[in-house]
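Student: My questions all concern the structure below.
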Amino acid sequence: METQQELRELSFSVSGIISKSIRQVFEAVADPEQLSHYFTTGGAEGYLENGATVSWDFHDFPGAFPVKVLEVEEPKRIVFQWGGQQSTAEDGMNTVRFDFESLEDSTRTKVTISEASWIATDEGAKAAFGNCEGWTGMLAAMKAWLEYGINLREGFYK
């Protein structure tokens, strides 16, 4: 007989494939200048490297967000923490992980973004779904920017 475990924490993963090398896709996330072109509509400051704390700003959520980098394994992984609404973590920080996987002789890259630590309540689910929407939009915007030079977020929030 199987027993059902109580859900204590909400998390999600989203992924997509971008037709660029793993190095190009990694740099599009790690480099604040590139990130500012397609994702952080209010700008990004600071390169994502081990131990760094950088700043991301968005027109749809005004006010810069501090991003604390926990781990970088170039060009395969970036792990960071940032403030989360309805977080299970004592410090109120959610953990975000980017995994980059090289495909088809380095001509394409699969990007998987995972975020965790919302409480399993209606409010926690609403916050988790909002961030899931944001990361899915980020993947689509990164694909459009890297493959076609189009900024999908230009004028989208402002």
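Convention: chains lettered A, B, ... in structure tokens order; per-chain residue numbering from 1; ligands numbered from 1 as shown.
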Please produce, as a Markdown table, a per-residue contact table for stretch 91-141 of chain A versus stretch 68-72 of chain A (criterion: any atom at most 10 Å away, only C-alpha atoms considered), showing the nearest atom pair and its distance in Å to one decimal, sorted by chain then residue number.
Tutor:
| residue | atom | partner | partner_atom | distance |
| --- | --- | --- | --- | --- |
| A:Met93 | CA | A:Lys68 | CA | 9.5 |
| A:Thr95 | CA | A:Leu70 | CA | 9.1 |
| A:Val96 | CA | A:Val69 | CA | 9.6 |
| A:Arg97 | CA | A:Glu71 | CA | 9.1 |
| A:Phe98 | CA | A:Val72 | CA | 9.5 |
Student: Show which residues sit within 10 Å of A:Met138, as a ChimeraX atom specification. Count only C-alpha atoms, and ignore same-chain residues fewer than 6 positions away.
Tutor: /A:29,35,38-40,113,132,144,152-153
Student: Check stretch 2-157 of chain A with DSSP on the backbone and list each residue it calls strand (DSSP E), as a ChimeraX atom specification.
Tutor: /A:9-18,43-45,53-58,61-73,77-83,93-103,108-119
Student: One decimal, Å: what's the distance from atom CA of A:Phe12 over to atom CA of A:Thr88, could you say?
Tutor: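 One can read the atom CA of A:Phe12 to atom CA of A:Thr88 distance as 14.4 Å.
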Student: Pick out the closest residue to A:Ser117 from this set: A:Glu74, A:Glu45, A:Glu147, A:Asp91. Count only C-alpha atoms.
Tutor: A:Asp91
